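Shown next: run.pdb, given as PDB, C-alpha atoms.
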```
ATOM      1  CA  MET A  23     106.632  11.558   7.272  1.00  0.00           C
ATOM      2  CA  GLN A  24     105.245  13.838   9.981  1.00  0.00           C
ATOM      3  CA  ARG A  25     105.317  17.541   9.279  1.00  0.00           C
ATOM      4  CA  LYS A  26     107.194  20.026  11.430  1.00  0.00           C
ATOM      5  CA  VAL A  27     105.393  20.592  14.732  1.00  0.00           C
ATOM      6  CA  THR A  28     104.339  24.145  15.609  1.00  0.00           C
ATOM      7  CA  ASP A  29     103.938  24.616  19.365  1.00  0.00           C
ATOM      8  CA  VAL A  30     101.003  26.838  20.320  1.00  0.00           C
ATOM      9  CA  ALA A  31      99.923  28.208  23.713  1.00  0.00           C
ATOM     10  CA  VAL A  32      96.140  28.256  24.135  1.00  0.00           C
ATOM     11  CA  GLY A  33      94.462  30.171  26.950  1.00  0.00           C
ATOM     12  CA  VAL A  34      91.201  29.110  28.575  1.00  0.00           C
ATOM     13  CA  VAL A  35      90.497  32.358  30.410  1.00  0.00           C
ATOM     14  CA  ILE A  36      87.630  31.920  32.872  1.00  0.00           C
ATOM     15  CA  ASP A  37      85.797  34.650  34.760  1.00  0.00           C
ATOM     16  CA  PRO A  38      86.014  33.550  38.432  1.00  0.00           C
ATOM     17  CA  ILE A  39      82.641  35.121  39.277  1.00  0.00           C
ATOM     18  CA  THR A  40      80.433  34.115  36.345  1.00  0.00           C
ATOM     19  CA  GLY A  41      82.344  31.053  35.144  1.00  0.00           C
ATOM     20  CA  ARG A  42      82.188  32.342  31.568  1.00  0.00           C
ATOM     21  CA  TYR A  43      85.143  31.787  29.228  1.00  0.00           C
ATOM     22  CA  LEU A  44      86.750  33.978  26.580  1.00  0.00           C
ATOM     23  CA  LEU A  45      86.692  33.325  22.831  1.00  0.00           C
ATOM     24  CA  GLY A  46      87.989  35.503  20.014  1.00  0.00           C
ATOM     25  CA  SER A  47      87.680  35.409  16.231  1.00  0.00           C
ATOM     26  CA  ARG A  48      90.668  34.978  13.939  1.00  0.00           C
ATOM     27  CA  PRO A  49      91.484  38.217  12.083  1.00  0.00           C
ATOM     28  CA  GLU A  50      91.551  38.659   8.328  1.00  0.00           C
ATOM     29  CA  GLY A  51      94.767  37.531   6.658  1.00  0.00           C
ATOM     30  CA  LYS A  52      95.249  34.471   8.891  1.00  0.00           C
ATOM     31  CA  PRO A  53      94.249  30.898   8.048  1.00  0.00           C
ATOM     32  CA  TYR A  54      90.663  30.201   9.132  1.00  0.00           C
ATOM     33  CA  ALA A  55      89.901  33.928   9.282  1.00  0.00           C
ATOM     34  CA  GLY A  56      86.614  34.572  11.055  1.00  0.00           C
ATOM     35  CA  TYR A  57      86.656  31.282  12.960  1.00  0.00           C
ATOM     36  CA  TRP A  58      86.292  31.500  16.741  1.00  0.00           C
ATOM     37  CA  GLU A  59      88.964  30.113  19.048  1.00  0.00           C
ATOM     38  CA  PHE A  60      90.496  30.325  22.494  1.00  0.00           C
ATOM     39  CA  PRO A  61      93.114  33.093  22.461  1.00  0.00           C
ATOM     40  CA  GLY A  62      96.803  32.308  22.172  1.00  0.00           C
ATOM     41  CA  GLY A  63      99.555  31.826  19.631  1.00  0.00           C
ATOM     42  CA  LYS A  64     102.891  30.303  18.673  1.00  0.00           C
ATOM     43  CA  LEU A  65     105.734  29.947  21.130  1.00  0.00           C
ATOM     44  CA  GLU A  66     108.779  32.030  20.319  1.00  0.00           C
ATOM     45  CA  VAL A  67     112.317  30.749  20.836  1.00  0.00           C
ATOM     46  CA  GLY A  68     113.138  30.436  24.538  1.00  0.00           C
ATOM     47  CA  GLU A  69     109.573  31.042  25.769  1.00  0.00           C
ATOM     48  CA  THR A  70     107.683  28.837  28.176  1.00  0.00           C
ATOM     49  CA  VAL A  71     104.060  28.091  27.345  1.00  0.00           C
ATOM     50  CA  HIS A  72     102.873  30.498  30.040  1.00  0.00           C
ATOM     51  CA  GLU A  73     105.177  33.262  28.797  1.00  0.00           C
ATOM     52  CA  ALA A  74     103.904  32.827  25.235  1.00  0.00           C
ATOM     53  CA  LEU A  75     100.301  32.882  26.420  1.00  0.00           C
ATOM     54  CA  ALA A  76     100.844  36.036  28.479  1.00  0.00           C
ATOM     55  CA  ARG A  77     102.514  37.789  25.539  1.00  0.00           C
ATOM     56  CA  GLU A  78      99.805  36.772  23.070  1.00  0.00           C
ATOM     57  CA  LEU A  79      96.956  37.928  25.297  1.00  0.00           C
ATOM     58  CA  ARG A  80      98.707  41.235  25.847  1.00  0.00           C
ATOM     59  CA  GLU A  81      99.239  41.686  22.094  1.00  0.00           C
ATOM     60  CA  GLU A  82      95.802  40.480  21.000  1.00  0.00           C
ATOM     61  CA  LEU A  83      93.502  41.814  23.721  1.00  0.00           C
ATOM     62  CA  GLY A  84      95.516  44.161  25.935  1.00  0.00           C
ATOM     63  CA  VAL A  85      95.126  42.110  29.131  1.00  0.00           C
ATOM     64  CA  ASP A  86      97.770  40.828  31.532  1.00  0.00           C
ATOM     65  CA  ILE A  87      97.143  37.375  32.926  1.00  0.00           C
ATOM     66  CA  GLY A  88      98.230  36.101  36.310  1.00  0.00           C
ATOM     67  CA  PRO A  89      99.337  32.509  36.942  1.00  0.00           C
ATOM     68  CA  SER A  90      98.067  29.864  34.533  1.00  0.00           C
ATOM     69  CA  SER A  91      97.804  26.110  35.061  1.00  0.00           C
ATOM     70  CA  PRO A  92      98.481  23.367  32.509  1.00  0.00           C
ATOM     71  CA  TRP A  93      95.356  21.501  31.454  1.00  0.00           C
ATOM     72  CA  PHE A  94      96.194  19.100  28.635  1.00  0.00           C
ATOM     73  CA  VAL A  95      97.931  18.903  25.256  1.00  0.00           C
ATOM     74  CA  MET A  96      96.447  17.940  21.886  1.00  0.00           C
ATOM     75  CA  GLU A  97      97.763  17.809  18.343  1.00  0.00           C
ATOM     76  CA  HIS A  98      96.039  18.514  15.035  1.00  0.00           C
ATOM     77  CA  ASP A  99      97.082  18.408  11.394  1.00  0.00           C
ATOM     78  CA  TYR A 100      95.645  21.527   9.743  1.00  0.00           C
ATOM     79  CA  PRO A 101      96.228  22.164   6.022  1.00  0.00           C
ATOM     80  CA  HIS A 102      98.513  25.093   6.860  1.00  0.00           C
ATOM     81  CA  ALA A 103     100.364  23.576   9.848  1.00  0.00           C
ATOM     82  CA  TYR A 104     100.749  20.608  12.174  1.00  0.00           C
ATOM     83  CA  VAL A 105     100.159  22.088  15.632  1.00  0.00           C
ATOM     84  CA  ARG A 106     100.716  20.932  19.191  1.00  0.00           C
ATOM     85  CA  LEU A 107      98.249  22.824  21.375  1.00  0.00           C
ATOM     86  CA  TYR A 108      99.149  23.432  25.013  1.00  0.00           C
ATOM     87  CA  PHE A 109      95.877  24.330  26.743  1.00  0.00           C
ATOM     88  CA  ARG A 110      96.265  26.297  29.980  1.00  0.00           C
ATOM     89  CA  ARG A 111      93.632  27.668  32.350  1.00  0.00           C
ATOM     90  CA  THR A 112      93.663  30.966  34.208  1.00  0.00           C
ATOM     91  CA  ARG A 113      91.151  32.837  36.328  1.00  0.00           C
ATOM     92  CA  GLU A 114      93.375  35.835  37.000  1.00  0.00           C
ATOM     93  CA  TRP A 115      93.945  38.801  34.729  1.00  0.00           C
ATOM     94  CA  SER A 116      93.994  42.595  34.786  1.00  0.00           C
ATOM     95  CA  GLY A 117      92.940  45.172  32.221  1.00  0.00           C
ATOM     96  CA  GLU A 118      89.938  45.389  29.935  1.00  0.00           C
ATOM     97  CA  CYS A 119      89.711  43.325  26.762  1.00  0.00           C
ATOM     98  CA  ARG A 120      90.187  45.391  23.605  1.00  0.00           C
ATOM     99  CA  SER A 121      90.312  44.357  19.978  1.00  0.00           C
ATOM    100  CA  LEU A 122      93.940  45.071  19.048  1.00  0.00           C
ATOM    101  CA  GLU A 123      93.971  42.925  15.892  1.00  0.00           C
ATOM    102  CA  ASN A 124      90.553  43.855  14.472  1.00  0.00           C
ATOM    103  CA  GLN A 125      89.026  40.659  15.820  1.00  0.00           C
ATOM    104  CA  HIS A 126      85.749  40.044  17.628  1.00  0.00           C
ATOM    105  CA  PHE A 127      85.723  38.561  21.120  1.00  0.00           C
ATOM    106  CA  GLY A 128      83.158  37.594  23.730  1.00  0.00           C
ATOM    107  CA  TRP A 129      82.462  35.772  26.992  1.00  0.00           C
ATOM    108  CA  PHE A 130      80.416  32.575  26.856  1.00  0.00           C
ATOM    109  CA  GLY A 131      78.746  30.335  29.424  1.00  0.00           C
ATOM    110  CA  GLU A 132      77.490  26.789  29.781  1.00  0.00           C
ATOM    111  CA  ASP A 133      74.069  27.629  28.368  1.00  0.00           C
ATOM    112  CA  ASP A 134      75.313  29.488  25.290  1.00  0.00           C
ATOM    113  CA  ASN A 135      74.866  27.698  21.983  1.00  0.00           C
ATOM    114  CA  VAL A 136      78.482  27.951  20.854  1.00  0.00           C
ATOM    115  CA  GLU A 137      78.018  24.866  18.659  1.00  0.00           C
ATOM    116  CA  SER A 138      76.222  27.132  16.198  1.00  0.00           C
ATOM    117  CA  MET A 139      79.334  29.302  15.886  1.00  0.00           C
ATOM    118  CA  GLN A 140      82.183  28.627  13.473  1.00  0.00           C
ATOM    119  CA  LEU A 141      84.804  27.228  15.858  1.00  0.00           C
ATOM    120  CA  LEU A 142      88.251  25.870  15.102  1.00  0.00           C
ATOM    121  CA  PRO A 143      88.052  22.056  15.170  1.00  0.00           C
ATOM    122  CA  MET A 144      90.132  21.438  18.291  1.00  0.00           C
ATOM    123  CA  ASP A 145      88.494  24.266  20.226  1.00  0.00           C
ATOM    124  CA  ALA A 146      85.041  22.898  19.409  1.00  0.00           C
ATOM    125  CA  LEU A 147      86.054  19.526  20.842  1.00  0.00           C
ATOM    126  CA  ILE A 148      86.956  20.798  24.298  1.00  0.00           C
ATOM    127  CA  ILE A 149      84.407  23.561  25.009  1.00  0.00           C
ATOM    128  CA  HIS A 150      82.338  21.383  27.343  1.00  0.00           C
ATOM    129  CA  ARG A 151      85.365  20.191  29.273  1.00  0.00           C
ATOM    130  CA  ILE A 152      85.421  23.597  30.955  1.00  0.00           C
ATOM    131  CA  PHE A 153      82.226  22.732  32.814  1.00  0.00           C
ATOM    132  CA  LEU A 154      83.163  19.261  34.022  1.00  0.00           C
ATOM    133  CA  PRO A 155      83.008  19.065  37.846  1.00  0.00           C
ATOM    134  CA  GLU A 156      86.257  19.520  39.685  1.00  0.00           C
ATOM    135  CA  VAL A 157      85.376  17.017  42.404  1.00  0.00           C
ATOM    136  CA  LEU A 158      84.332  13.392  41.879  1.00  0.00           C
ATOM    137  CA  ILE A 159      83.040  11.509  44.932  1.00  0.00           C
ATOM    138  CA  ALA A 160      83.257   7.723  44.925  1.00  0.00           C
ATOM    139  CA  ALA A 161      79.825   6.105  44.957  1.00  0.00           C
ATOM    140  CA  SER A 162      81.136   3.584  47.507  1.00  0.00           C
ATOM    141  CA  ARG A 163      81.232   6.264  50.226  1.00  0.00           C
ATOM    142  CA  SER A 164      78.351   6.021  52.683  1.00  0.00           C
ATOM    143  CA  ASP A 165      78.151   9.826  52.853  1.00  0.00           C
ATOM    144  CA  VAL A 166      78.334  10.450  49.103  1.00  0.00           C
ATOM    145  CA  LEU A 167      75.017  12.358  48.882  1.00  0.00           C
ATOM    146  CA  SER A 168      75.717  14.549  51.905  1.00  0.00           C
ATOM    147  CA  GLN A 169      79.225  15.264  50.543  1.00  0.00           C
ATOM    148  CA  CYS A 170      77.697  16.433  47.264  1.00  0.00           C
ATOM    149  CA  ALA A 171      75.241  18.647  49.127  1.00  0.00           C
ATOM    150  CA  THR A 172      78.043  20.195  51.202  1.00  0.00           C
ATOM    151  CA  LEU A 173      80.128  20.973  48.123  1.00  0.00           C
ATOM    152  CA  ARG A 174      77.101  22.376  46.296  1.00  0.00           C
ATOM    153  CA  ASN A 175      76.535  24.774  49.207  1.00  0.00           C
ATOM    154  CA  GLN A 176      80.185  25.863  48.794  1.00  0.00           C
ATOM    155  CA  ALA A 177      79.572  26.500  45.065  1.00  0.00           C
ATOM    156  CA  VAL A 178      81.926  23.635  44.138  1.00  0.00           C
ATOM    157  CA  LYS A 179      80.823  21.444  41.219  1.00  0.00           C
ATOM    158  CA  ALA A 180      80.780  17.772  42.163  1.00  0.00           C
ATOM    159  CA  ALA A 181      79.663  14.496  40.602  1.00  0.00           C
ATOM    160  CA  VAL A 182      79.350  10.910  41.812  1.00  0.00           C
ATOM    161  CA  LEU A 183      81.879   8.462  40.352  1.00  0.00           C
ATOM    162  CA  PHE A 184      80.621   4.927  39.778  1.00  0.00           C
ATOM    163  CA  THR A 185      82.975   2.024  39.062  1.00  0.00           C
ATOM    164  CA  LYS A 186      79.957  -0.225  38.444  1.00  0.00           C
ATOM    165  CA  PRO A 187      76.243   0.498  37.941  1.00  0.00           C
ATOM    166  CA  ASP A 188      74.101   1.122  41.024  1.00  0.00           C
ATOM    167  CA  VAL A 189      70.536   1.681  39.862  1.00  0.00           C
ATOM    168  CA  GLU A 190      69.207   2.765  43.261  1.00  0.00           C
ATOM    169  CA  LEU A 191      71.948   5.294  43.993  1.00  0.00           C
ATOM    170  CA  GLN A 192      71.915   6.621  40.434  1.00  0.00           C
ATOM    171  CA  ALA A 193      68.175   7.205  40.789  1.00  0.00           C
ATOM    172  CA  GLN A 194      68.786   9.104  44.048  1.00  0.00           C
ATOM    173  CA  CYS A 195      71.420  11.234  42.338  1.00  0.00           C
ATOM    174  CA  GLN A 196      69.043  11.956  39.486  1.00  0.00           C
ATOM    175  CA  ALA A 197      66.344  13.029  41.950  1.00  0.00           C
ATOM    176  CA  GLU A 198      68.833  15.374  43.632  1.00  0.00           C
ATOM    177  CA  LYS A 199      70.115  16.593  40.214  1.00  0.00           C
ATOM    178  CA  ILE A 200      73.604  15.351  41.008  1.00  0.00           C
ATOM    179  CA  PRO A 201      75.650  14.391  37.917  1.00  0.00           C
ATOM    180  CA  CYS A 202      76.925  10.817  37.689  1.00  0.00           C
ATOM    181  CA  LEU A 203      80.102   9.655  35.965  1.00  0.00           C
ATOM    182  CA  VAL A 204      80.951   6.046  35.143  1.00  0.00           C
ATOM    183  CA  ALA A 205      84.718   5.485  35.423  1.00  0.00           C
ATOM    184  CA  GLY A 206      86.414   4.555  32.191  1.00  0.00           C
ATOM    185  CA  GLU A 207      83.588   5.601  29.912  1.00  0.00           C
ATOM    186  CA  SER A 208      83.559   8.515  27.488  1.00  0.00           C
ATOM    187  CA  VAL A 209      81.689  11.594  28.606  1.00  0.00           C
ATOM    188  CA  ARG A 210      80.914  14.682  26.566  1.00  0.00           C
ATOM    189  CA  CYS A 211      79.245  17.106  28.961  1.00  0.00           C
ATOM    190  CA  PRO A 212      77.016  17.031  32.067  1.00  0.00           C
ATOM    191  CA  SER A 213      73.819  16.631  30.054  1.00  0.00           C
ATOM    192  CA  ASP A 214      75.221  13.393  28.570  1.00  0.00           C
ATOM    193  CA  TRP A 215      75.965  11.679  31.864  1.00  0.00           C
ATOM    194  CA  ALA A 216      72.483  10.159  32.263  1.00  0.00           C
ATOM    195  CA  SER A 217      73.151   8.150  29.089  1.00  0.00           C
ATOM    196  CA  VAL A 218      76.909   7.821  29.475  1.00  0.00           C
ATOM    197  CA  ALA A 219      77.027   4.366  27.876  1.00  0.00           C
ATOM    198  CA  GLU A 220      75.939   5.913  24.587  1.00  0.00           C
ATOM    199  CA  ALA A 221      78.679   8.557  24.546  1.00  0.00           C
ATOM    200  CA  ALA A 222      81.300   7.274  22.126  1.00  0.00           C
ATOM    201  CA  ALA A 223      83.626  10.179  21.274  1.00  0.00           C
ATOM    202  CA  GLN A 224      87.073   9.577  22.780  1.00  0.00           C
ATOM    203  CA  GLU A 225      87.702  13.330  22.867  1.00  0.00           C
ATOM    204  CA  TRP A 226      85.463  13.501  25.944  1.00  0.00           C
ATOM    205  CA  LEU A 227      87.210  10.765  27.904  1.00  0.00           C
ATOM    206  CA  CYS A 228      87.944  11.659  31.524  1.00  0.00           C
ATOM    207  CA  ALA A 229      90.858   9.742  33.037  1.00  0.00           C
ATOM    208  CA  VAL A 230      91.044   8.821  36.723  1.00  0.00           C
ATOM    209  CA  MET A 231      94.618   8.225  37.905  1.00  0.00           C
ATOM    210  CA  ASP A 232      95.712   6.201  40.927  1.00  0.00           C
ATOM    211  CA  ASP A 233      97.909   9.057  42.149  1.00  0.00           C
ATOM    212  CA  ALA A 234      99.273  12.435  41.056  1.00  0.00           C
ATOM    213  CA  SER A 235     102.709  11.201  39.998  1.00  0.00           C
ATOM    214  CA  GLY A 236     101.689  10.799  36.356  1.00  0.00           C
ATOM    215  CA  LEU A 237     100.303  14.261  35.818  1.00  0.00           C
ATOM    216  CA  ASP A 238     103.429  15.479  34.020  1.00  0.00           C
ATOM    217  CA  ALA A 239     102.317  19.117  33.840  1.00  0.00           C
ATOM    218  CA  GLY A 240      99.275  18.591  31.677  1.00  0.00           C
ATOM    219  CA  THR A 241     100.769  16.626  28.781  1.00  0.00           C
ATOM    220  CA  HIS A 242      97.881  14.140  28.828  1.00  0.00           C
ATOM    221  CA  ARG A 243      95.115  14.482  26.210  1.00  0.00           C
ATOM    222  CA  ALA A 244      92.046  14.329  28.456  1.00  0.00           C
ATOM    223  CA  PRO A 245      90.867  15.916  31.696  1.00  0.00           C
ATOM    224  CA  VAL A 246      92.483  13.986  34.554  1.00  0.00           C
ATOM    225  CA  TYR A 247      91.325  13.450  38.115  1.00  0.00           C
ATOM    226  CA  VAL A 248      93.578  12.277  40.963  1.00  0.00           C
ATOM    227  CA  PRO A 249      92.852  11.124  44.531  1.00  0.00           C
ATOM    228  CA  GLY A 250      92.808  13.856  47.140  1.00  0.00           C
ATOM    229  CA  SER A 251      90.796  15.987  49.509  1.00  0.00           C
ATOM    230  CA  ILE A 252      89.090  19.294  48.845  1.00  0.00           C
ATOM    231  CA  ASP A 253      92.130  20.993  50.382  1.00  0.00           C
ATOM    232  CA  ASP A 254      94.283  19.499  47.603  1.00  0.00           C
ATOM    233  CA  LEU A 255      92.194  20.870  44.731  1.00  0.00           C
ATOM    234  CA  ASP A 256      94.148  24.032  43.945  1.00  0.00           C
ATOM    235  CA  ALA A 257      97.498  22.243  44.204  1.00  0.00           C
ATOM    236  CA  VAL A 258      96.599  19.421  41.815  1.00  0.00           C
ATOM    237  CA  LYS A 259      95.066  21.867  39.323  1.00  0.00           C
ATOM    238  CA  ARG A 260      98.364  23.768  39.259  1.00  0.00           C
ATOM    239  CA  ARG A 261     100.056  20.484  38.312  1.00  0.00           C
ATOM    240  CA  GLY A 262      97.686  19.843  35.416  1.00  0.00           C
ATOM    241  CA  ALA A 263      94.774  17.879  36.886  1.00  0.00           C
ATOM    242  CA  HIS A 264      91.213  18.873  36.134  1.00  0.00           C
ATOM    243  CA  GLY A 265      90.134  17.941  39.663  1.00  0.00           C
ATOM    244  CA  ILE A 266      90.183  15.421  42.495  1.00  0.00           C
ATOM    245  CA  VAL A 267      88.537  12.140  43.406  1.00  0.00           C
ATOM    246  CA  ILE A 268      87.369  11.732  46.999  1.00  0.00           C
ATOM    247  CA  GLY A 269      87.421   8.007  47.709  1.00  0.00           C
TER     248      GLY A 269
END
```
Represent the structure contained in this file as structure tokens.
Amino acid sequence: MQRKVTDVAVGVVIDPITGRYLLGSRPEGKPYAGYWEFPGGKLEVGETVHEALARELREELGVDIGPSSPWFVMEHDYPHAYVRLYFRRTREWSGECRSLENQHFGWFGEDDNVESMQLLPMDALIIHRIFLPEVLIAASRSDVLSQCATLRNQAVKAAVLFTKPDVELQAQCQAEKIPCLVAGESVRCPSDWASVAEAAAQEWLCAVMDDASGLDAGTHRAPVYVPGSIDDLDAVKRRGAHGIVIG
């Protein structure tokens, strides 16, 4: 028999300038004290996930967040509780982070060795998802390399999406240091994409949907991409997509 589900809002707070994300340690007296995690906490009666996240960040760190977007939902059976984790992303906040619960906190980037830190299990699984590209460009496009170059000049992360192997084009992408993603295969982080066939962990699966109708406000378990144009990116992220596919 499944245990009672505890709903938890989890905030992936990203600095819009540096791209670094916020982690905090769990204070003494709580389960897993000293472990690092994304900030957040339990939903109270009548709260939306965003409202709970805003309240928790205000109580824990003294910051007020702006709008947040659904990302995905995962569940985990800890010894002390069965939790449903609603991950949301935000790049808007005001105030300066302060330790209001005697916890440590810090900002971390793609090159930081967070794997050496003591992270909560579910947080450790999704750290690298933050740095997945937000635009996938279909390899079938004749202008795929020039599209990648244009987006790179606009500081937009992009990768080439292959539905079947193309040795010549993949070699060109490698020469241009453009990440490649094979549709339907499991991917952990950008450094794994060159050997994507060897990546086996389902936690890193990236789903590509035919349209945006199945987004359902981020209740899927993996980063999701939907067809669109660069002008659609912000709108589909607000609905729960990680990014877009340009076909």
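Distance check against A:Phe94 using all atoms listed in the file: of A:Arg48, A:Lys64, A:Arg243, A:Arg261, the minimum falls on A:Arg243.
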Protein and nucleic acid residues near (97.6, 34.1, 33.8) (cut-off 8 Å, all atoms listed in the file) as an MDAnalysis selection string:
chainID A and resid 72 75:76 86:90 111:115
For the atom pair atom CA of A:His102 and atom CA of A:His150, what is the interatomic distance in Å to one decimal place?
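Separating atom CA of A:His102 from atom CA of A:His150 is a distance of 26.4 Å.
With all atoms listed in the file taken into account, the protein and nucleic acid residues at most 10 Å from A:Arg80 (excluding it and anything under 6 positions from it in its own chain) are Gly62, Ala74, Asp86, Ile87, Gly117, Cys119, Arg120 and Leu122 of chain A.
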Run the PyMOL selection byres ((chain A and resi 230) around 12) on the file and write out the hits as number ranges by chain.
A: 157-160, 183-185, 203-208, 227-229, 231-234, 236-237, 242, 244-250, 263-269
C-alpha atoms of the current selection, written as a PDB file, keeping the file's coordinate frame:
```pdb
ATOM      1  CA  VAL A 157      85.376  17.017  42.404  1.00  0.00           C
ATOM      2  CA  LEU A 158      84.332  13.392  41.879  1.00  0.00           C
ATOM      3  CA  ILE A 159      83.040  11.509  44.932  1.00  0.00           C
ATOM      4  CA  ALA A 160      83.257   7.723  44.925  1.00  0.00           C
ATOM      5  CA  LEU A 183      81.879   8.462  40.352  1.00  0.00           C
ATOM      6  CA  PHE A 184      80.621   4.927  39.778  1.00  0.00           C
ATOM      7  CA  THR A 185      82.975   2.024  39.062  1.00  0.00           C
ATOM      8  CA  LEU A 203      80.102   9.655  35.965  1.00  0.00           C
ATOM      9  CA  VAL A 204      80.951   6.046  35.143  1.00  0.00           C
ATOM     10  CA  ALA A 205      84.718   5.485  35.423  1.00  0.00           C
ATOM     11  CA  GLY A 206      86.414   4.555  32.191  1.00  0.00           C
ATOM     12  CA  GLU A 207      83.588   5.601  29.912  1.00  0.00           C
ATOM     13  CA  SER A 208      83.559   8.515  27.488  1.00  0.00           C
ATOM     14  CA  LEU A 227      87.210  10.765  27.904  1.00  0.00           C
ATOM     15  CA  CYS A 228      87.944  11.659  31.524  1.00  0.00           C
ATOM     16  CA  ALA A 229      90.858   9.742  33.037  1.00  0.00           C
ATOM     17  CA  MET A 231      94.618   8.225  37.905  1.00  0.00           C
ATOM     18  CA  ASP A 232      95.712   6.201  40.927  1.00  0.00           C
ATOM     19  CA  ASP A 233      97.909   9.057  42.149  1.00  0.00           C
ATOM     20  CA  ALA A 234      99.273  12.435  41.056  1.00  0.00           C
ATOM     21  CA  GLY A 236     101.689  10.799  36.356  1.00  0.00           C
ATOM     22  CA  LEU A 237     100.303  14.261  35.818  1.00  0.00           C
ATOM     23  CA  HIS A 242      97.881  14.140  28.828  1.00  0.00           C
ATOM     24  CA  ALA A 244      92.046  14.329  28.456  1.00  0.00           C
ATOM     25  CA  PRO A 245      90.867  15.916  31.696  1.00  0.00           C
ATOM     26  CA  VAL A 246      92.483  13.986  34.554  1.00  0.00           C
ATOM     27  CA  TYR A 247      91.325  13.450  38.115  1.00  0.00           C
ATOM     28  CA  VAL A 248      93.578  12.277  40.963  1.00  0.00           C
ATOM     29  CA  PRO A 249      92.852  11.124  44.531  1.00  0.00           C
ATOM     30  CA  GLY A 250      92.808  13.856  47.140  1.00  0.00           C
ATOM     31  CA  ALA A 263      94.774  17.879  36.886  1.00  0.00           C
ATOM     32  CA  HIS A 264      91.213  18.873  36.134  1.00  0.00           C
ATOM     33  CA  GLY A 265      90.134  17.941  39.663  1.00  0.00           C
ATOM     34  CA  ILE A 266      90.183  15.421  42.495  1.00  0.00           C
ATOM     35  CA  VAL A 267      88.537  12.140  43.406  1.00  0.00           C
ATOM     36  CA  ILE A 268      87.369  11.732  46.999  1.00  0.00           C
ATOM     37  CA  GLY A 269      87.421   8.007  47.709  1.00  0.00           C
TER      38      GLY A 269
END
```
Rebuild stretch 229-233 of chain A to all heavy atoms - output it as a PDB file, in the coordinates of the input, please.
```
ATOM      1  N   ALA A 229      89.993  10.764  32.451  1.00  0.00           N
ATOM      2  CA  ALA A 229      90.858   9.742  33.037  1.00  0.00           C
ATOM      3  C   ALA A 229      90.927   9.917  34.545  1.00  0.00           C
ATOM      4  O   ALA A 229      91.026  11.037  35.041  1.00  0.00           O
ATOM      5  CB  ALA A 229      92.250   9.837  32.433  1.00  0.00           C
ATOM      6  N   VAL A 230      90.883   8.806  35.273  1.00  0.00           N
ATOM      7  CA  VAL A 230      91.044   8.821  36.723  1.00  0.00           C
ATOM      8  C   VAL A 230      92.335   8.078  37.042  1.00  0.00           C
ATOM      9  O   VAL A 230      92.460   6.887  36.784  1.00  0.00           O
ATOM     10  CB  VAL A 230      89.845   8.155  37.423  1.00  0.00           C
ATOM     11  CG1 VAL A 230      90.065   8.121  38.926  1.00  0.00           C
ATOM     12  CG2 VAL A 230      88.551   8.890  37.086  1.00  0.00           C
ATOM     13  N   MET A 231      93.317   8.806  37.588  1.00  0.00           N
ATOM     14  CA  MET A 231      94.618   8.225  37.905  1.00  0.00           C
ATOM     15  C   MET A 231      94.652   7.709  39.333  1.00  0.00           C
ATOM     16  O   MET A 231      93.889   8.158  40.196  1.00  0.00           O
ATOM     17  CB  MET A 231      95.722   9.268  37.724  1.00  0.00           C
ATOM     18  CG  MET A 231      95.995   9.638  36.272  1.00  0.00           C
ATOM     19  SD  MET A 231      97.386  10.800  36.171  1.00  0.00           S
ATOM     20  CE  MET A 231      97.666  10.832  34.405  1.00  0.00           C
ATOM     21  N   ASP A 232      95.559   6.749  39.577  1.00  0.00           N
ATOM     22  CA  ASP A 232      95.712   6.201  40.927  1.00  0.00           C
ATOM     23  C   ASP A 232      96.380   7.187  41.870  1.00  0.00           C
ATOM     24  O   ASP A 232      96.156   7.155  43.072  1.00  0.00           O
ATOM     25  CB  ASP A 232      96.519   4.904  40.885  1.00  0.00           C
ATOM     26  CG  ASP A 232      95.769   3.789  40.165  1.00  0.00           C
ATOM     27  OD1 ASP A 232      94.520   3.814  40.177  1.00  0.00           O
ATOM     28  OD2 ASP A 232      96.433   2.908  39.593  1.00  0.00           O
ATOM     29  N   ASP A 233      97.244   8.049  41.336  1.00  0.00           N
ATOM     30  CA  ASP A 233      97.909   9.057  42.149  1.00  0.00           C
ATOM     31  C   ASP A 233      98.315  10.211  41.239  1.00  0.00           C
ATOM     32  O   ASP A 233      98.069  10.189  40.033  1.00  0.00           O
ATOM     33  CB  ASP A 233      99.132   8.481  42.890  1.00  0.00           C
ATOM     34  CG  ASP A 233     100.151   7.886  41.928  1.00  0.00           C
ATOM     35  OD1 ASP A 233     100.637   8.627  41.050  1.00  0.00           O
ATOM     36  OD2 ASP A 233     100.442   6.684  42.056  1.00  0.00           O
TER      37      ASP A 233
END
```
